[in-house]
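> Please read through the structure below; I'll follow up with questions.
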Amino acid sequence: MNKGGIGCVVVFVLLLTLGITLYTTCPTKADHRNALNEAVTAVINERLGEQRYDIMGKIANVLGKKMLSESSEVVVNQMLHVDDYALFSVGRIHFKGRDHIVSVGVLGHVFAPDKDDLQALLREHGI
């Protein structure tokens with residue numbers, strides 16, 4: 001085999017390996033949901049904060065955080081739609097008549113807004 005043929009084979013094997021790796025590590029809807037729920041829960045915990053409460057206030061704070069976290073999980077689960085493109089996936093939420101990309105998954109990782117991004121978005125919308 002000549003040098004050009006070997007180069008083509010090497011490139012083909014590398015592309016095949018990359019494609020197989022991307023395909024086998026493509027995040028699922030559950031991965032997108034978990035990433036978004038972690039960020040939302042972090043915002044809830046920060047918003048409610050750890051203020052000085054008496055014992056009843058602490059109990060109410062813990063219960064409130066738990067209820068809000070579980071409610072946000074339900075909302076995210078119902079609103080989130082994940083498009084699986086085999087090599088990567090994109091999470092979208094339909095809001096105010098438009099689809100908004102909220103997460104991108106590739107190589108087993110979901111890139112979603114973090115707590116600071118969500119806080120900025122909430123401030124921008126006056127929430």
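In the structure tokens, each chain is lettered A, B, ... as it comes, each chain's residues begin at 1, and ligands are numbered from 1 in order of appearance.
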If you run DSSP on this backbone, which residues of region 69-112 of chain A come out as strand (DSSP E), and could you give them as a ChimeraX atom specification?
/A:80-84,89-95,98-106,109-111
> Would you mind listing what lies within 8 Å of Val110 (chain A) as a PyMOL selection string, with only C-alpha atoms counted and same-chain residues fewer than 6 positions away left out?
chain A and resi 27+31-32+35+103-104
> Point out the residue among A:Ile44, A:Val106, A:Leu121, A:Val76 with the least atom-to-atom distance to Thr21 (chain A), counting only C-alpha atoms.
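Using only C-alpha atoms, the shortest distance to Thr21 (chain A) belongs to A:Val106.
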> Between A:Val40, A:Leu16, A:Leu107, A:Val11, which is the closest to Phe88 (chain A) once you count only C-alpha atoms?
A:Leu107
> Using only C-alpha atoms, which of A:His94, A:Leu22, A:Asp116, A:Glu124 sits nearest Glu46 (chain A)?
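Of A:His94, A:Leu22, A:Asp116, A:Glu124, the one nearest Glu46 (chain A), counting only C-alpha atoms, is A:Asp116.
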